[in-house]
Every structure is written in structure tokens, then in C-alpha cells.
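Novice: My file is target.cif. It has mmCIF, N, CA and C atoms:
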data_structure
#
loop_
_atom_site.group_PDB
_atom_site.id
_atom_site.type_symbol
_atom_site.label_atom_id
_atom_site.label_comp_id
_atom_site.auth_asym_id
_atom_site.auth_seq_id
_atom_site.Cartn_x
_atom_site.Cartn_y
_atom_site.Cartn_z
ATOM 1 N N MET A 1221 101.332 94.686 75.002
ATOM 2 C CA MET A 1221 102.167 93.748 75.720
ATOM 3 C C MET A 1221 103.503 94.388 76.099
ATOM 4 N N ASP A 1222 103.991 95.296 75.264
ATOM 5 C CA ASP A 1222 105.252 95.968 75.560
ATOM 6 C C ASP A 1222 105.170 96.768 76.854
ATOM 7 N N ALA A 1223 104.049 97.446 77.064
ATOM 8 C CA ALA A 1223 103.891 98.239 78.290
ATOM 9 C C ALA A 1223 103.899 97.341 79.518
ATOM 10 N N VAL A 1224 103.266 96.189 79.435
ATOM 11 C CA VAL A 1224 103.232 95.247 80.554
ATOM 12 C C VAL A 1224 104.637 94.747 80.851
ATOM 13 N N ASN A 1225 105.375 94.332 79.821
ATOM 14 C CA ASN A 1225 106.744 93.854 80.020
ATOM 15 C C ASN A 1225 107.640 94.950 80.572
ATOM 16 N N ARG A 1226 107.483 96.159 80.068
ATOM 17 C CA ARG A 1226 108.299 97.282 80.535
ATOM 18 C C ARG A 1226 108.042 97.551 82.018
ATOM 19 N N LEU A 1227 106.775 97.589 82.411
ATOM 20 C CA LEU A 1227 106.443 97.795 83.822
ATOM 21 C C LEU A 1227 106.915 96.623 84.674
ATOM 22 N N GLY A 1228 106.820 95.416 84.135
ATOM 23 C CA GLY A 1228 107.247 94.221 84.852
ATOM 24 C C GLY A 1228 108.735 94.172 85.128
ATOM 25 N N GLU A 1229 109.493 94.952 84.366
ATOM 26 C CA GLU A 1229 110.949 94.972 84.528
ATOM 27 C C GLU A 1229 111.444 96.135 85.382
ATOM 28 N N GLU A 1230 110.537 96.993 85.839
ATOM 29 C CA GLU A 1230 110.954 98.193 86.562
ATOM 30 C C GLU A 1230 111.302 97.973 88.025
ATOM 31 N N SER A 1231 110.827 96.911 88.621
ATOM 32 C CA SER A 1231 111.065 96.645 90.041
ATOM 33 C C SER A 1231 111.387 95.161 90.218
ATOM 34 N N PRO A 1232 112.010 94.806 91.347
ATOM 35 C CA PRO A 1232 112.299 93.391 91.586
ATOM 36 C C PRO A 1232 111.047 92.516 91.596
ATOM 37 N N VAL A 1233 109.936 93.047 92.122
ATOM 38 C CA VAL A 1233 108.668 92.307 92.138
ATOM 39 C C VAL A 1233 107.558 93.245 91.680
ATOM 40 N N VAL A 1234 106.825 92.805 90.662
ATOM 41 C CA VAL A 1234 105.701 93.590 90.143
ATOM 42 C C VAL A 1234 104.479 92.682 90.100
ATOM 43 N N ILE A 1235 103.381 93.196 90.629
ATOM 44 C CA ILE A 1235 102.121 92.457 90.628
ATOM 45 C C ILE A 1235 101.071 93.277 89.895
ATOM 46 N N PHE A 1236 100.450 92.679 88.904
ATOM 47 C CA PHE A 1236 99.296 93.280 88.247
ATOM 48 C C PHE A 1236 98.073 92.663 88.905
ATOM 49 N N SER A 1237 97.201 93.505 89.428
ATOM 50 C CA SER A 1237 96.065 93.004 90.193
ATOM 51 C C SER A 1237 94.819 93.819 89.883
ATOM 52 N N LYS A 1238 93.763 93.466 90.573
ATOM 53 C CA LYS A 1238 92.524 94.252 90.566
ATOM 54 C C LYS A 1238 92.133 94.458 92.024
ATOM 55 N N SER A 1239 91.511 95.582 92.293
ATOM 56 C CA SER A 1239 91.177 95.911 93.677
ATOM 57 C C SER A 1239 90.176 94.935 94.291
ATOM 58 N N ASN A 1240 89.387 94.253 93.477
ATOM 59 C CA ASN A 1240 88.387 93.319 94.012
ATOM 60 C C ASN A 1240 88.799 91.852 93.891
ATOM 61 N N CYS A 1241 90.074 91.598 93.599
ATOM 62 C CA CYS A 1241 90.552 90.219 93.410
ATOM 63 C C CYS A 1241 91.193 89.702 94.701
ATOM 64 N N CYS A 1242 90.548 88.733 95.330
ATOM 65 C CA CYS A 1242 91.058 88.208 96.599
ATOM 66 C C CYS A 1242 92.384 87.464 96.415
ATOM 67 N N MET A 1243 92.588 86.815 95.276
ATOM 68 C CA MET A 1243 93.847 86.109 95.045
ATOM 69 C C MET A 1243 94.998 87.106 94.871
ATOM 70 N N SER A 1244 94.723 88.228 94.241
ATOM 71 C CA SER A 1244 95.747 89.276 94.116
ATOM 72 C C SER A 1244 96.181 89.740 95.500
ATOM 73 N N HIS A 1245 95.223 89.963 96.361
ATOM 74 C CA HIS A 1245 95.523 90.390 97.733
ATOM 75 C C HIS A 1245 96.331 89.313 98.460
ATOM 76 N N SER A 1246 95.952 88.052 98.288
ATOM 77 C CA SER A 1246 96.656 86.945 98.957
ATOM 78 C C SER A 1246 98.105 86.839 98.485
ATOM 79 N N ILE A 1247 98.330 86.966 97.184
ATOM 80 C CA ILE A 1247 99.690 86.877 96.644
ATOM 81 C C ILE A 1247 100.523 88.069 97.103
ATOM 82 N N GLU A 1248 99.924 89.249 97.093
ATOM 83 C CA GLU A 1248 100.644 90.435 97.576
ATOM 84 C C GLU A 1248 101.030 90.257 99.042
ATOM 85 N N THR A 1249 100.122 89.752 99.856
ATOM 86 C CA THR A 1249 100.396 89.517 101.275
ATOM 87 C C THR A 1249 101.500 88.486 101.459
ATOM 88 N N LEU A 1250 101.437 87.402 100.692
ATOM 89 C CA LEU A 1250 102.474 86.364 100.761
ATOM 90 C C LEU A 1250 103.848 86.951 100.470
ATOM 91 N N ILE A 1251 103.951 87.705 99.402
ATOM 92 C CA ILE A 1251 105.246 88.285 99.015
ATOM 93 C C ILE A 1251 105.714 89.304 100.042
ATOM 94 N N ARG A 1252 104.809 90.108 100.557
ATOM 95 C CA ARG A 1252 105.180 91.078 101.595
ATOM 96 C C ARG A 1252 105.633 90.379 102.881
ATOM 97 N N ASN A 1253 105.070 89.215 103.177
ATOM 98 C CA ASN A 1253 105.471 88.475 104.376
ATOM 99 C C ASN A 1253 106.917 87.992 104.308
ATOM 100 N N PHE A 1254 107.469 87.891 103.112
ATOM 101 C CA PHE A 1254 108.891 87.568 102.970
ATOM 102 C C PHE A 1254 109.762 88.794 103.187
ATOM 103 N N GLY A 1255 109.141 89.976 103.247
ATOM 104 C CA GLY A 1255 109.877 91.218 103.437
ATOM 105 C C GLY A 1255 110.050 92.014 102.158
ATOM 106 N N ALA A 1256 109.501 91.543 101.065
ATOM 107 C CA ALA A 1256 109.597 92.257 99.796
ATOM 108 C C ALA A 1256 108.554 93.368 99.745
ATOM 109 N N ASN A 1257 108.830 94.362 98.940
ATOM 110 C CA ASN A 1257 107.912 95.477 98.757
ATOM 111 C C ASN A 1257 107.548 95.546 97.265
ATOM 112 N N PRO A 1258 106.559 94.768 96.843
ATOM 113 C CA PRO A 1258 106.236 94.726 95.418
ATOM 114 C C PRO A 1258 105.605 96.021 94.920
ATOM 115 N N THR A 1259 105.844 96.309 93.654
ATOM 116 C CA THR A 1259 105.118 97.371 92.972
ATOM 117 C C THR A 1259 103.818 96.741 92.496
ATOM 118 N N VAL A 1260 102.696 97.362 92.833
ATOM 119 C CA VAL A 1260 101.389 96.801 92.497
ATOM 120 C C VAL A 1260 100.646 97.757 91.567
ATOM 121 N N TYR A 1261 100.217 97.225 90.435
ATOM 122 C CA TYR A 1261 99.395 97.976 89.493
ATOM 123 C C TYR A 1261 97.991 97.398 89.524
ATOM 124 N N LYS A 1262 97.047 98.177 89.981
ATOM 125 C CA LYS A 1262 95.642 97.739 90.027
ATOM 126 C C LYS A 1262 94.994 98.129 88.697
ATOM 127 N N LEU A 1263 94.771 97.137 87.875
ATOM 128 C CA LEU A 1263 94.322 97.374 86.509
ATOM 129 C C LEU A 1263 92.978 98.083 86.426
ATOM 130 N N ASP A 1264 92.147 97.934 87.440
ATOM 131 C CA ASP A 1264 90.853 98.609 87.419
ATOM 132 C C ASP A 1264 90.943 100.056 87.917
ATOM 133 N N GLU A 1265 92.163 100.503 88.248
ATOM 134 C CA GLU A 1265 92.334 101.859 88.758
ATOM 135 C C GLU A 1265 93.298 102.702 87.926
ATOM 136 N N ILE A 1266 93.880 102.126 86.874
ATOM 137 C CA ILE A 1266 94.823 102.879 86.055
ATOM 138 C C ILE A 1266 94.239 103.091 84.652
ATOM 139 N N PRO A 1267 94.636 104.184 83.991
ATOM 140 C CA PRO A 1267 94.039 104.543 82.706
ATOM 141 C C PRO A 1267 94.071 103.455 81.622
ATOM 142 N N LYS A 1268 95.159 102.766 81.441
ATOM 143 C CA LYS A 1268 95.247 101.762 80.370
ATOM 144 C C LYS A 1268 95.109 100.344 80.903
ATOM 145 N N GLY A 1269 94.399 100.211 82.000
ATOM 146 C CA GLY A 1269 94.251 98.922 82.663
ATOM 147 C C GLY A 1269 93.604 97.849 81.802
ATOM 148 N N LYS A 1270 92.576 98.198 81.064
ATOM 149 C CA LYS A 1270 91.888 97.211 80.206
ATOM 150 C C LYS A 1270 92.821 96.684 79.123
ATOM 151 N N LYS A 1271 93.603 97.583 78.560
ATOM 152 C CA LYS A 1271 94.565 97.189 77.518
ATOM 153 C C LYS A 1271 95.635 96.262 78.103
ATOM 154 N N MET A 1272 96.102 96.583 79.302
ATOM 155 C CA MET A 1272 97.110 95.755 79.961
ATOM 156 C C MET A 1272 96.530 94.398 80.334
ATOM 157 N N GLU A 1273 95.278 94.386 80.762
ATOM 158 C CA GLU A 1273 94.628 93.123 81.105
ATOM 159 C C GLU A 1273 94.560 92.209 79.880
ATOM 160 N N LYS A 1274 94.243 92.783 78.754
ATOM 161 C CA LYS A 1274 94.184 92.031 77.500
ATOM 162 C C LYS A 1274 95.570 91.453 77.157
ATOM 163 N N ALA A 1275 96.615 92.256 77.353
ATOM 164 C CA ALA A 1275 97.985 91.799 77.088
ATOM 165 C C ALA A 1275 98.372 90.659 78.019
ATOM 166 N N LEU A 1276 97.964 90.714 79.279
ATOM 167 C CA LEU A 1276 98.267 89.639 80.231
ATOM 168 C C LEU A 1276 97.595 88.337 79.817
ATOM 169 N N ILE A 1277 96.377 88.436 79.331
ATOM 170 C CA ILE A 1277 95.676 87.240 78.847
ATOM 171 C C ILE A 1277 96.414 86.655 77.645
ATOM 172 N N GLU A 1278 96.891 87.527 76.754
ATOM 173 C CA GLU A 1278 97.672 87.070 75.596
ATOM 174 C C GLU A 1278 98.971 86.391 76.017
ATOM 175 N N MET A 1279 99.508 86.796 77.165
ATOM 176 C CA MET A 1279 100.739 86.180 77.685
ATOM 177 C C MET A 1279 100.461 84.831 78.346
ATOM 178 N N GLY A 1280 99.188 84.477 78.465
ATOM 179 C CA GLY A 1280 98.832 83.188 79.044
ATOM 180 C C GLY A 1280 98.333 83.249 80.466
ATOM 181 N N CYS A 1281 98.126 84.431 80.982
ATOM 182 C CA CYS A 1281 97.642 84.578 82.348
ATOM 183 C C CYS A 1281 96.116 84.613 82.323
ATOM 184 N N ASN A 1282 95.503 83.516 82.700
ATOM 185 C CA ASN A 1282 94.049 83.425 82.676
ATOM 186 C C ASN A 1282 93.571 82.746 83.949
ATOM 187 N N PRO A 1283 92.936 83.423 84.886
ATOM 188 C CA PRO A 1283 92.472 84.793 84.781
ATOM 189 C C PRO A 1283 93.636 85.780 84.711
ATOM 190 N N SER A 1284 93.334 86.988 84.296
ATOM 191 C CA SER A 1284 94.378 87.984 84.043
ATOM 192 C C SER A 1284 95.081 88.460 85.312
ATOM 193 N N THR A 1285 94.410 88.361 86.447
ATOM 194 C CA THR A 1285 95.052 88.803 87.690
ATOM 195 C C THR A 1285 94.931 87.722 88.754
ATOM 196 N N PRO A 1286 95.908 87.613 89.618
ATOM 197 C CA PRO A 1286 97.135 88.381 89.624
ATOM 198 C C PRO A 1286 98.119 87.861 88.577
ATOM 199 N N ALA A 1287 98.964 88.745 88.113
ATOM 200 C CA ALA A 1287 100.067 88.396 87.215
ATOM 201 C C ALA A 1287 101.332 88.921 87.870
ATOM 202 N N ILE A 1288 102.331 88.061 88.025
ATOM 203 C CA ILE A 1288 103.493 88.404 88.833
ATOM 204 C C ILE A 1288 104.774 88.317 88.020
ATOM 205 N N PHE A 1289 105.570 89.360 88.126
ATOM 206 C CA PHE A 1289 106.923 89.394 87.578
ATOM 207 C C PHE A 1289 107.871 89.410 88.771
ATOM 208 N N ILE A 1290 108.887 88.557 88.735
ATOM 209 C CA ILE A 1290 109.929 88.561 89.765
ATOM 210 C C ILE A 1290 111.266 88.542 89.046
ATOM 211 N N GLY A 1291 112.126 89.488 89.395
ATOM 212 C CA GLY A 1291 113.429 89.557 88.746
ATOM 213 C C GLY A 1291 113.323 89.788 87.252
ATOM 214 N N LYS A 1292 112.400 90.628 86.845
ATOM 215 C CA LYS A 1292 112.193 91.006 85.446
ATOM 216 C C LYS A 1292 111.666 89.876 84.573
ATOM 217 N N GLU A 1293 111.269 88.777 85.191
ATOM 218 C CA GLU A 1293 110.728 87.630 84.459
ATOM 219 C C GLU A 1293 109.268 87.427 84.830
ATOM 220 N N PHE A 1294 108.458 87.108 83.837
ATOM 221 C CA PHE A 1294 107.055 86.805 84.089
ATOM 222 C C PHE A 1294 106.968 85.422 84.715
ATOM 223 N N VAL A 1295 106.513 85.362 85.964
ATOM 224 C CA VAL A 1295 106.408 84.096 86.696
ATOM 225 C C VAL A 1295 105.085 83.412 86.381
ATOM 226 N N GLY A 1296 104.015 84.202 86.279
ATOM 227 C CA GLY A 1296 102.699 83.647 86.017
ATOM 228 C C GLY A 1296 101.678 84.224 86.976
ATOM 229 N N GLY A 1297 100.682 83.416 87.276
ATOM 230 C CA GLY A 1297 99.608 83.842 88.156
ATOM 231 C C GLY A 1297 99.743 83.268 89.554
ATOM 232 N N SER A 1298 98.637 83.250 90.258
ATOM 233 C CA SER A 1298 98.644 82.802 91.647
ATOM 234 C C SER A 1298 99.032 81.326 91.774
ATOM 235 N N ASP A 1299 98.589 80.486 90.846
ATOM 236 C CA ASP A 1299 98.942 79.054 90.916
ATOM 237 C C ASP A 1299 100.451 78.851 90.871
ATOM 238 N N GLU A 1300 101.107 79.564 89.973
ATOM 239 C CA GLU A 1300 102.558 79.415 89.834
ATOM 240 C C GLU A 1300 103.299 79.916 91.072
ATOM 241 N N VAL A 1301 102.865 81.052 91.614
ATOM 242 C CA VAL A 1301 103.525 81.607 92.803
ATOM 243 C C VAL A 1301 103.287 80.714 94.013
ATOM 244 N N MET A 1302 102.074 80.218 94.176
ATOM 245 C CA MET A 1302 101.799 79.315 95.298
ATOM 246 C C MET A 1302 102.600 78.024 95.165
ATOM 247 N N SER A 1303 102.733 77.525 93.956
ATOM 248 C CA SER A 1303 103.527 76.317 93.723
ATOM 249 C C SER A 1303 104.990 76.551 94.086
ATOM 250 N N LEU A 1304 105.531 77.690 93.683
ATOM 251 C CA LEU A 1304 106.914 78.026 94.055
ATOM 252 C C LEU A 1304 107.064 78.093 95.569
ATOM 253 N N ASN A 1305 106.077 78.654 96.235
ATOM 254 C CA ASN A 1305 106.131 78.768 97.695
ATOM 255 C C ASN A 1305 106.089 77.390 98.358
ATOM 256 N N VAL A 1306 105.191 76.535 97.897
ATOM 257 C CA VAL A 1306 105.060 75.189 98.476
ATOM 258 C C VAL A 1306 106.354 74.393 98.275
ATOM 259 N N LYS A 1307 106.998 74.587 97.134
ATOM 260 C CA LYS A 1307 108.246 73.873 96.832
ATOM 261 C C LYS A 1307 109.463 74.501 97.515
ATOM 262 N N GLY A 1308 109.249 75.629 98.218
ATOM 263 C CA GLY A 1308 110.346 76.305 98.895
ATOM 264 C C GLY A 1308 111.239 77.101 97.971
ATOM 265 N N LYS A 1309 110.753 77.449 96.789
ATOM 266 C CA LYS A 1309 111.571 78.147 95.800
ATOM 267 C C LYS A 1309 111.282 79.642 95.702
ATOM 268 N N LEU A 1310 110.174 80.086 96.275
ATOM 269 C CA LEU A 1310 109.802 81.492 96.153
ATOM 270 C C LEU A 1310 110.809 82.396 96.856
ATOM 271 N N LYS A 1311 111.217 82.035 98.053
ATOM 272 C CA LYS A 1311 112.175 82.845 98.809
ATOM 273 C C LYS A 1311 113.476 83.005 98.028
ATOM 274 N N ASP A 1312 113.979 81.908 97.462
ATOM 275 C CA ASP A 1312 115.216 81.973 96.685
ATOM 276 C C ASP A 1312 115.068 82.876 95.470
ATOM 277 N N LEU A 1313 113.920 82.810 94.832
ATOM 278 C CA LEU A 1313 113.659 83.655 93.663
ATOM 279 C C LEU A 1313 113.635 85.128 94.056
ATOM 280 N N LEU A 1314 113.028 85.430 95.216
ATOM 281 C CA LEU A 1314 112.987 86.803 95.701
ATOM 282 C C LEU A 1314 114.374 87.311 96.068
ATOM 283 N N ILE A 1315 115.202 86.445 96.645
ATOM 284 C CA ILE A 1315 116.588 86.820 96.968
ATOM 285 C C ILE A 1315 117.378 87.078 95.694
ATOM 286 N N LYS A 1316 117.256 86.198 94.732
ATOM 287 C CA LYS A 1316 117.968 86.341 93.450
ATOM 288 C C LYS A 1316 117.572 87.633 92.733
ATOM 289 N N ALA A 1317 116.317 88.047 92.889
ATOM 290 C CA ALA A 1317 115.824 89.268 92.254
ATOM 291 C C ALA A 1317 116.185 90.524 93.055
ATOM 292 N N ASN A 1318 116.870 90.352 94.183
ATOM 293 C CA ASN A 1318 117.198 91.451 95.096
ATOM 294 C C ASN A 1318 115.956 92.130 95.665
ATOM 295 N N ALA A 1319 114.894 91.360 95.816
ATOM 296 C CA ALA A 1319 113.671 91.874 96.438
ATOM 297 C C ALA A 1319 113.771 91.756 97.956
ATOM 298 N N ILE A 1320 114.560 90.791 98.422
ATOM 299 C CA ILE A 1320 114.821 90.616 99.851
ATOM 300 C C ILE A 1320 116.289 90.290 100.007
ATOM 301 N N TRP A 1321 116.820 90.512 101.230
ATOM 302 C CA TRP A 1321 118.254 90.303 101.473
ATOM 303 C C TRP A 1321 118.482 89.411 102.676
ATOM 304 N N ILE A 1322 117.840 88.273 102.690
ATOM 305 C CA ILE A 1322 117.974 87.384 103.842
ATOM 306 C C ILE A 1322 118.957 86.285 103.514
#
Please rewrite the model in this file as C-alpha cells.
Specialist:
Amino acid sequence: MDAVNRLGEESPVVIFSKSNCCMSHSIETLIRNFGANPTVYKLDEIPKGKKMEKALIEMGCNPSTPAIFIGKEFVGGSDEVMSLNVKGKLKDLLIKANAIWI
């Protein structure tokens, strides 16, 4: 879990995903459409991906991907990010995290 938190704090927006996860792709596209450039870790393509996936599940992210950190805080999965977007709060969160400057 420490490795996941450490990676989640390295950039304004961090997404843990899998290459075959359509929701991961959708969330990444949504965030990029705001002008942010998220750091994306594809768990099925990195050496300790299985261990990180297990840590994400322990953090309450089920399914394990996508898992999103914004501003060094664990936001949650796709449901949480979509909810923030629908409520008009995602853009403000991205600005506060210095992921975008609008």
C-alpha cells in the first residue's frame, strides 16, 4: 500500500489502470479533456502490478481499476470521479491540484 500511496503523490493526477479496462480509458479521457496530463500506471504492464492491485483493493477500490489520485489524495474509482464531474466539482479539484490552470 505504501508504494501505491507514494506513486499517487508524485503527480497532480495519477491513474492506476489496466490496458484492457474500458472504464480506465474513459476516466483517463475525461481528465485529459480538461487539459490535465495524468500519470498512468497500467498494472498489467508493470513488474509489481499484481501487488499494487491488491493494495488498491485493500484501500476500498473494487474493482481495483481505475483508481484515481488527485492532488495527492485518493479520490476513488470511476464512480467517484464521474460523480464529481456530474456535480461540477472535478474541474475545481483539478485546478486545486495544479493539474490544470484555467
Novice: Between A:Ser1237, A:Ser1303, A:Asn1257, A:Ser1246, single out the one closest to A:Ala1317, counting only C-alpha atoms.
Specialist: A:Asn1257
Novice: With only N, CA and C atoms as the basis for distance, which of A:Cys1281, A:Asn1240, A:Ile1247, A:Phe1289 is at the shortest distance from A:Met1302?
Specialist: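 Between A:Cys1281, A:Asn1240, A:Ile1247, A:Phe1289, the residue approaching A:Met1302 most closely is A:Ile1247.
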Novice: Evaluate the PyMOL selection byres ((chain A and resi 1292-1301) around 7) and record the selected residues as a PyMOL selection string, following the chain and residue labels used in the document.
Specialist: chain A and resi 1228-1233+1243+1247+1281-1282+1285-1291+1302-1306+1310+1317
Novice: Counting all atoms listed in the file, which residues sit no farther than 6.5 Å from the position (99.9, 98.8, 87.8) in the file's frame? I'd like them as a PyMOL selection string.
Specialist: chain A and resi 1235-1237+1259-1263
Novice: Just N, CA and C atoms for this one: save the residues we selected as a tab-separated table (two decimals), keeping the file's coordinate frame.
Specialist:
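Output file out-v1.tsv follows:
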chain	number	residue	atom	x	y	z
A	1235	ILE	N	103.38	93.20	90.63
A	1235	ILE	CA	102.12	92.46	90.63
A	1235	ILE	C	101.07	93.28	89.90
A	1236	PHE	N	100.45	92.68	88.90
A	1236	PHE	CA	99.30	93.28	88.25
A	1236	PHE	C	98.07	92.66	88.90
A	1237	SER	N	97.20	93.50	89.43
A	1237	SER	CA	96.06	93.00	90.19
A	1237	SER	C	94.82	93.82	89.88
A	1259	THR	N	105.84	96.31	93.65
A	1259	THR	CA	105.12	97.37	92.97
A	1259	THR	C	103.82	96.74	92.50
A	1260	VAL	N	102.70	97.36	92.83
A	1260	VAL	CA	101.39	96.80	92.50
A	1260	VAL	C	100.65	97.76	91.57
A	1261	TYR	N	100.22	97.22	90.44
A	1261	TYR	CA	99.40	97.98	89.49
A	1261	TYR	C	97.99	97.40	89.52
A	1262	LYS	N	97.05	98.18	89.98
A	1262	LYS	CA	95.64	97.74	90.03
A	1262	LYS	C	94.99	98.13	88.70
A	1263	LEU	N	94.77	97.14	87.88
A	1263	LEU	CA	94.32	97.37	86.51
A	1263	LEU	C	92.98	98.08	86.43
Novice: Using only C-alpha atoms for the distances, tell me which of A:Gly1269, A:Leu1227, A:Asn1253, A:Ser1284 is nearest to A:Cys1241.
Specialist: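 So, comparing all the options, the nearest one is A:Ser1284.
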Novice: Is it possible to get the axis-aligned box enclosing stretch 1281-1289 of chain A (all listed atoms, 6 Å extra per side) as lines of an AutoDock Vina configuration file, with centre and edge lengths in Å rounded to one decimal?
Specialist:
center_x = 100.2
center_y = 86.1
center_z = 85.3
size_x = 27.4
size_y = 18.7
size_z = 20.6
Novice: Could you check how far atom CA of A:His1245 sits from atom CA of A:Lys1274, in Å to one decimal?
Specialist: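 We find that atom CA of A:His1245 and atom CA of A:Lys1274 lie 20.3 Å from each other.
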Novice: If you count only N, CA and C atoms, which residues fall within 8 Å of A:Trp1321, apart from same-chain ones fewer than 6 positions away, as a list in words?
Specialist: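 Residues meeting the cut-off are Phe1254, Gly1255, Ala1256, Leu1314 and Ile1315 of chain A.
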Novice: State, in Å with one decimal place, the distance from atom CA of A:Ile1266 to atom CA of A:Lys1238.
Specialist: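 Answer for the atom CA of A:Ile1266 to atom CA of A:Lys1238 separation: 10.0 Å.
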Novice: Measuring atom to atom with only N, CA and C atoms, identify which of A:Lys1309, A:Leu1250, A:Asp1264, A:Leu1276 is nearest to A:Val1224.
Specialist: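 Using only N, CA and C atoms, A:Val1224 sits closest to A:Leu1276.
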Novice: Tell me, in Å to one decimal, how far atom C of A:Cys1242 is from atom C of A:Lys1316.
Specialist: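 We find that atom C of A:Cys1242 and atom C of A:Lys1316 lie 25.5 Å from each other.
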Novice: Quick check for you: according to DSSP on this backbone, which residues of chain A are classed as strand (DSSP E or B)? Reply as an NGL selection string.
Specialist: :A and (1233-1237 or 1259-1262 or 1287-1290 or 1293-1296)
Novice: Which residue is closest to A:Pro1258? Choose from A:Ile1320, A:Glu1278, A:Val1234, A:Glu1273 and count only N, CA and C atoms.
Specialist: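 For A:Pro1258, the nearest of the candidates is A:Val1234.
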Novice: Can you list, as number ranges by chain, all residues belonging to stretch 1224-1320 of chain A that DSSP tags as alpha helix (DSSP H)?
Specialist: A: 1224-1228, 1242-1253, 1269-1278, 1298-1306, 1310-1316
